[in-house]
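Participant: Just target_39.json, nothing more (JSON, N, CA and C atoms):
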```json
[["chain", "number", "residue", "atom", "x", "y", "z"],
["B", 1, "MET", "N", 30.52, -205.90, 146.96],
["B", 1, "MET", "CA", 31.43, -205.50, 148.00],
["B", 1, "MET", "C", 32.11, -204.18, 147.59],
["B", 2, "PRO", "N", 32.05, -203.15, 148.43],
["B", 2, "PRO", "CA", 32.67, -201.86, 148.08],
["B", 2, "PRO", "C", 34.19, -201.97, 148.06],
["B", 3, "TYR", "N", 34.77, -201.20, 147.18],
["B", 3, "TYR", "CA", 36.22, -201.18, 147.06],
["B", 3, "TYR", "C", 36.81, -200.30, 148.16],
["B", 4, "HIS", "N", 37.80, -200.82, 148.85],
["B", 4, "HIS", "CA", 38.47, -200.05, 149.89],
["B", 4, "HIS", "C", 39.97, -200.14, 149.67],
["B", 5, "ASN", "N", 40.62, -199.01, 149.55],
["B", 5, "ASN", "CA", 42.05, -198.98, 149.31],
["B", 5, "ASN", "C", 42.79, -198.71, 150.62],
["B", 6, "ASP", "N", 43.29, -199.76, 151.24],
["B", 6, "ASP", "CA", 44.04, -199.61, 152.48],
["B", 6, "ASP", "C", 45.34, -198.85, 152.29],
["B", 7, "ASN", "N", 45.89, -198.91, 151.09],
["B", 7, "ASN", "CA", 47.16, -198.23, 150.83],
["B", 7, "ASN", "C", 47.00, -196.71, 150.81],
["B", 8, "PHE", "N", 45.80, -196.22, 150.59],
["B", 8, "PHE", "CA", 45.59, -194.77, 150.56],
["B", 8, "PHE", "C", 46.00, -194.13, 151.88],
["B", 9, "GLN", "N", 45.67, -194.75, 152.98],
["B", 9, "GLN", "CA", 46.00, -194.22, 154.30],
["B", 9, "GLN", "C", 47.52, -194.21, 154.54],
["B", 10, "ARG", "N", 48.21, -195.13, 153.94],
["B", 10, "ARG", "CA", 49.65, -195.24, 154.16],
["B", 10, "ARG", "C", 50.46, -194.62, 153.03],
["B", 11, "SER", "N", 49.82, -194.01, 152.10],
["B", 11, "SER", "CA", 50.50, -193.44, 150.95],
["B", 11, "SER", "C", 51.50, -192.36, 151.37],
["B", 12, "PRO", "N", 52.74, -192.41, 150.85],
["B", 12, "PRO", "CA", 53.72, -191.40, 151.21],
["B", 12, "PRO", "C", 53.32, -189.99, 150.76],
["B", 13, "THR", "N", 52.49, -189.90, 149.75],
["B", 13, "THR", "CA", 52.05, -188.59, 149.29],
["B", 13, "THR", "C", 51.14, -187.90, 150.28],
["B", 14, "ARG", "N", 50.55, -188.63, 151.19],
["B", 14, "ARG", "CA", 49.69, -188.03, 152.22],
["B", 14, "ARG", "C", 50.50, -187.20, 153.20],
["B", 15, "LYS", "N", 51.81, -187.38, 153.21],
["B", 15, "LYS", "CA", 52.67, -186.64, 154.13],
["B", 15, "LYS", "C", 53.25, -185.38, 153.51],
["B", 16, "LEU", "N", 52.97, -185.13, 152.26],
["B", 16, "LEU", "CA", 53.47, -183.92, 151.60],
["B", 16, "LEU", "C", 52.72, -182.70, 152.11],
["B", 17, "PRO", "N", 53.45, -181.64, 152.43],
["B", 17, "PRO", "CA", 52.77, -180.42, 152.89],
["B", 17, "PRO", "C", 52.10, -179.69, 151.73],
["B", 18, "LEU", "N", 51.00, -179.07, 152.00],
["B", 18, "LEU", "CA", 50.34, -178.23, 151.01],
["B", 18, "LEU", "C", 50.73, -176.80, 151.33],
["B", 19, "ILE", "N", 51.52, -176.18, 150.45],
["B", 19, "ILE", "CA", 52.01, -174.83, 150.76],
["B", 19, "ILE", "C", 51.40, -173.75, 149.88],
["B", 20, "GLY", "N", 50.80, -174.11, 148.80],
["B", 20, "GLY", "CA", 50.13, -173.14, 147.94],
["B", 20, "GLY", "C", 51.10, -172.27, 147.16],
["B", 21, "THR", "N", 50.54, -171.39, 146.36],
["B", 21, "THR", "CA", 51.31, -170.52, 145.48],
["B", 21, "THR", "C", 52.25, -169.61, 146.27],
["B", 22, "VAL", "N", 51.72, -168.99, 147.32],
["B", 22, "VAL", "CA", 52.53, -168.08, 148.12],
["B", 22, "VAL", "C", 53.69, -168.82, 148.78],
["B", 23, "GLY", "N", 53.44, -170.02, 149.25],
["B", 23, "GLY", "CA", 54.50, -170.83, 149.84],
["B", 23, "GLY", "C", 55.59, -171.16, 148.84],
["B", 24, "VAL", "N", 55.19, -171.43, 147.62],
["B", 24, "VAL", "CA", 56.17, -171.72, 146.57],
["B", 24, "VAL", "C", 57.01, -170.47, 146.30],
["B", 25, "LEU", "N", 56.39, -169.31, 146.30],
["B", 25, "LEU", "CA", 57.13, -168.06, 146.08],
["B", 25, "LEU", "C", 58.16, -167.85, 147.19],
["B", 26, "LEU", "N", 57.75, -168.06, 148.44],
["B", 26, "LEU", "CA", 58.67, -167.89, 149.56],
["B", 26, "LEU", "C", 59.83, -168.89, 149.49],
["B", 27, "LEU", "N", 59.52, -170.11, 149.14],
["B", 27, "LEU", "CA", 60.55, -171.14, 149.01],
["B", 27, "LEU", "C", 61.54, -170.77, 147.90],
["B", 28, "ALA", "N", 61.02, -170.28, 146.79],
["B", 28, "ALA", "CA", 61.88, -169.87, 145.67],
["B", 28, "ALA", "C", 62.79, -168.71, 146.09],
["B", 29, "LYS", "N", 62.25, -167.78, 146.85],
["B", 29, "LYS", "CA", 63.05, -166.65, 147.33],
["B", 29, "LYS", "C", 64.16, -167.16, 148.26],
["B", 30, "ARG", "N", 63.82, -168.03, 149.19],
["B", 30, "ARG", "CA", 64.81, -168.56, 150.14],
["B", 30, "ARG", "C", 65.93, -169.34, 149.45],
["B", 31, "ARG", "N", 65.58, -169.98, 148.34],
["B", 31, "ARG", "CA", 66.58, -170.78, 147.61],
["B", 31, "ARG", "C", 67.34, -169.96, 146.57],
["B", 32, "GLY", "N", 67.02, -168.67, 146.47],
["B", 32, "GLY", "CA", 67.73, -167.80, 145.54],
["B", 32, "GLY", "C", 67.27, -167.89, 144.11],
["B", 33, "VAL", "N", 66.14, -168.53, 143.88],
["B", 33, "VAL", "CA", 65.59, -168.67, 142.53],
["B", 33, "VAL", "C", 64.81, -167.42, 142.13],
["B", 34, "LEU", "N", 64.28, -166.74, 143.13],
["B", 34, "LEU", "CA", 63.42, -165.58, 142.91],
["B", 34, "LEU", "C", 64.01, -164.40, 143.67],
["B", 35, "ALA", "N", 64.20, -163.27, 142.98],
["B", 35, "ALA", "CA", 64.79, -162.09, 143.62],
["B", 35, "ALA", "C", 63.77, -161.32, 144.46],
["B", 36, "SER", "N", 62.52, -161.24, 143.98],
["B", 36, "SER", "CA", 61.52, -160.43, 144.65],
["B", 36, "SER", "C", 60.16, -161.11, 144.66],
["B", 37, "VAL", "N", 59.68, -161.43, 145.86],
["B", 37, "VAL", "CA", 58.33, -161.97, 146.01],
["B", 37, "VAL", "C", 57.32, -160.87, 145.72],
["B", 38, "LYS", "N", 57.61, -159.66, 146.15],
["B", 38, "LYS", "CA", 56.70, -158.53, 145.97],
["B", 38, "LYS", "C", 56.37, -158.31, 144.50],
["B", 39, "ASP", "N", 57.38, -158.35, 143.64],
["B", 39, "ASP", "CA", 57.14, -158.15, 142.21],
["B", 39, "ASP", "C", 56.17, -159.18, 141.65],
["B", 40, "VAL", "N", 56.34, -160.43, 142.07],
["B", 40, "VAL", "CA", 55.47, -161.50, 141.59],
["B", 40, "VAL", "C", 54.06, -161.33, 142.16],
["B", 41, "LEU", "N", 53.95, -161.02, 143.45],
["B", 41, "LEU", "CA", 52.62, -160.79, 144.06],
["B", 41, "LEU", "C", 51.90, -159.64, 143.37],
["B", 42, "ASP", "N", 52.62, -158.56, 143.10],
["B", 42, "ASP", "CA", 52.02, -157.41, 142.43],
["B", 42, "ASP", "C", 51.52, -157.78, 141.04],
["B", 43, "GLU", "N", 52.30, -158.56, 140.32],
["B", 43, "GLU", "CA", 51.88, -158.99, 138.98],
["B", 43, "GLU", "C", 50.68, -159.93, 139.06],
["B", 44, "MET", "N", 50.67, -160.80, 140.04],
["B", 44, "MET", "CA", 49.53, -161.70, 140.21],
["B", 44, "MET", "C", 48.26, -160.90, 140.49],
["B", 45, "GLN", "N", 48.37, -159.87, 141.33],
["B", 45, "GLN", "CA", 47.21, -159.02, 141.61],
["B", 45, "GLN", "C", 46.78, -158.27, 140.35],
["B", 46, "ALA", "N", 47.74, -157.79, 139.57],
["B", 46, "ALA", "CA", 47.43, -157.08, 138.33],
["B", 46, "ALA", "C", 46.70, -157.99, 137.34],
["B", 47, "GLN", "N", 46.97, -159.30, 137.42],
["B", 47, "GLN", "CA", 46.32, -160.27, 136.54],
["B", 47, "GLN", "C", 44.98, -160.75, 137.08],
["B", 48, "GLY", "N", 44.59, -160.23, 138.25],
["B", 48, "GLY", "CA", 43.26, -160.55, 138.77],
["B", 48, "GLY", "C", 43.23, -161.49, 139.96],
["B", 49, "MET", "N", 44.38, -161.96, 140.43],
["B", 49, "MET", "CA", 44.38, -162.84, 141.60],
["B", 49, "MET", "C", 44.15, -161.99, 142.84],
["B", 50, "ARG", "N", 43.25, -162.47, 143.68],
["B", 50, "ARG", "CA", 42.92, -161.73, 144.89],
["B", 50, "ARG", "C", 43.78, -162.21, 146.05],
["B", 51, "ILE", "N", 44.48, -161.28, 146.66],
["B", 51, "ILE", "CA", 45.34, -161.56, 147.82],
["B", 51, "ILE", "C", 44.97, -160.53, 148.88],
["B", 52, "SER", "N", 44.60, -161.01, 150.06],
["B", 52, "SER", "CA", 44.21, -160.08, 151.12],
["B", 52, "SER", "C", 45.41, -159.22, 151.53],
["B", 53, "ASP", "N", 45.10, -158.02, 152.03],
["B", 53, "ASP", "CA", 46.16, -157.13, 152.51],
["B", 53, "ASP", "C", 46.96, -157.78, 153.62],
["B", 54, "ARG", "N", 46.26, -158.49, 154.50],
["B", 54, "ARG", "CA", 46.92, -159.15, 155.62],
["B", 54, "ARG", "C", 47.92, -160.20, 155.12],
["B", 55, "LEU", "N", 47.51, -161.04, 154.18],
["B", 55, "LEU", "CA", 48.40, -162.06, 153.63],
["B", 55, "LEU", "C", 49.57, -161.40, 152.90],
["B", 56, "TYR", "N", 49.29, -160.36, 152.13],
["B", 56, "TYR", "CA", 50.32, -159.64, 151.38],
["B", 56, "TYR", "C", 51.42, -159.16, 152.32],
["B", 57, "VAL", "N", 51.03, -158.51, 153.41],
["B", 57, "VAL", "CA", 51.99, -157.99, 154.38],
["B", 57, "VAL", "C", 52.75, -159.13, 155.07],
["B", 58, "GLN", "N", 52.04, -160.19, 155.43],
["B", 58, "GLN", "CA", 52.69, -161.34, 156.08],
["B", 58, "GLN", "C", 53.74, -161.97, 155.16],
["B", 59, "VAL", "N", 53.40, -162.10, 153.90],
["B", 59, "VAL", "CA", 54.33, -162.71, 152.94],
["B", 59, "VAL", "C", 55.56, -161.83, 152.76],
["B", 60, "LEU", "N", 55.35, -160.54, 152.63],
["B", 60, "LEU", "CA", 56.50, -159.64, 152.47],
["B", 60, "LEU", "C", 57.38, -159.66, 153.71],
["B", 61, "THR", "N", 56.77, -159.77, 154.86],
["B", 61, "THR", "CA", 57.54, -159.85, 156.11],
["B", 61, "THR", "C", 58.39, -161.13, 156.12],
["B", 62, "LEU", "N", 57.78, -162.25, 155.78],
["B", 62, "LEU", "CA", 58.51, -163.52, 155.74],
["B", 62, "LEU", "C", 59.62, -163.50, 154.69],
["B", 63, "ALA", "N", 59.38, -162.78, 153.60],
["B", 63, "ALA", "CA", 60.38, -162.69, 152.52],
["B", 63, "ALA", "C", 61.42, -161.60, 152.81],
["B", 64, "GLN", "N", 61.24, -160.90, 153.93],
["B", 64, "GLN", "CA", 62.11, -159.78, 154.31],
["B", 64, "GLN", "C", 62.14, -158.71, 153.23],
["B", 65, "GLU", "N", 60.95, -158.38, 152.74],
["B", 65, "GLU", "CA", 60.78, -157.32, 151.76],
["B", 65, "GLU", "C", 59.83, -156.28, 152.35],
["B", 66, "LYS", "N", 59.84, -155.10, 151.77],
["B", 66, "LYS", "CA", 59.00, -154.02, 152.28],
["B", 66, "LYS", "C", 57.91, -153.67, 151.27],
["B", 67, "LYS", "N", 56.76, -153.29, 151.81],
["B", 67, "LYS", "CA", 55.66, -152.80, 150.97],
["B", 67, "LYS", "C", 55.92, -151.33, 150.68],
["B", 68, "VAL", "N", 56.10, -151.02, 149.42],
["B", 68, "VAL", "CA", 56.40, -149.61, 149.05],
["B", 68, "VAL", "C", 55.26, -149.03, 148.28]]
```
Could you write out this file's structure as structure tokens?

Facilitator:
Amino acid sequence: MPYHNDNFQRSPTRKLPLIGTVGVLLLAKRRGVLASVKDVLDEMQAQGMRISDRLYVQVLTLAQEKKV
């Protein structure tokens, strides 16, 4: 008989949002933990993380920062 976990469907962790790295940066900025999202994004790109230009601009807009 195959194992079936009925609790998996009702697990409270299934309701957690997936926000990703950029979402965590925005949340940190909103809570005053992070002064500049742009500085962190720039460093992430310098370390080899690929971030599309469109996402970069959207994130800076949401963080109320400017691309300089």

Participant: Quick one: distance from atom N of B:Lys38 to atom CA of B:Leu60 in Å, one decimal?

Facilitator: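 About the pair atom N of B:Lys38 and atom CA of B:Leu60: they are 6.4 Å apart.
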
Participant: Calculated over only C-alpha atoms, which of the candidates B:Arg31, B:Ile19, B:Leu26, B:Arg50 has the smallest distance to B:Ala63?

Facilitator: B:Leu26

Participant: So how far away is atom N of B:Ser52 from atom C of B:Val33, in Å?

Facilitator: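 Separating atom C of B:Val33 from atom N of B:Ser52 is a distance of 22.6 Å.
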
Participant: Near B:Tyr56, counting only C-alpha atoms, which residues have an atom at most 10 Å away, once you skip same-chain residues fewer than 6 positions from it, shown as a list in words?

Facilitator: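 Residues near the query, excluding close chain neighbours: Val22, Val37, Lys38, Leu41, Asp42 and Lys67 of chain B.
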
Participant: For B:Glu65, which residue among B:Ser36, B:Ala46, B:Leu18, B:Gly23 is the nearest when counting all atoms listed in the file?

Facilitator: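 Residue with the minimum atom-to-atom distance to B:Glu65: B:Ser36.
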
Participant: Expressed in Å to a single decimal, how great is the separation between atom C of B:Leu25 and atom CA of B:Gly48?

Facilitator: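 Separation of atom C of B:Leu25 and atom CA of B:Gly48: 18.6 Å.
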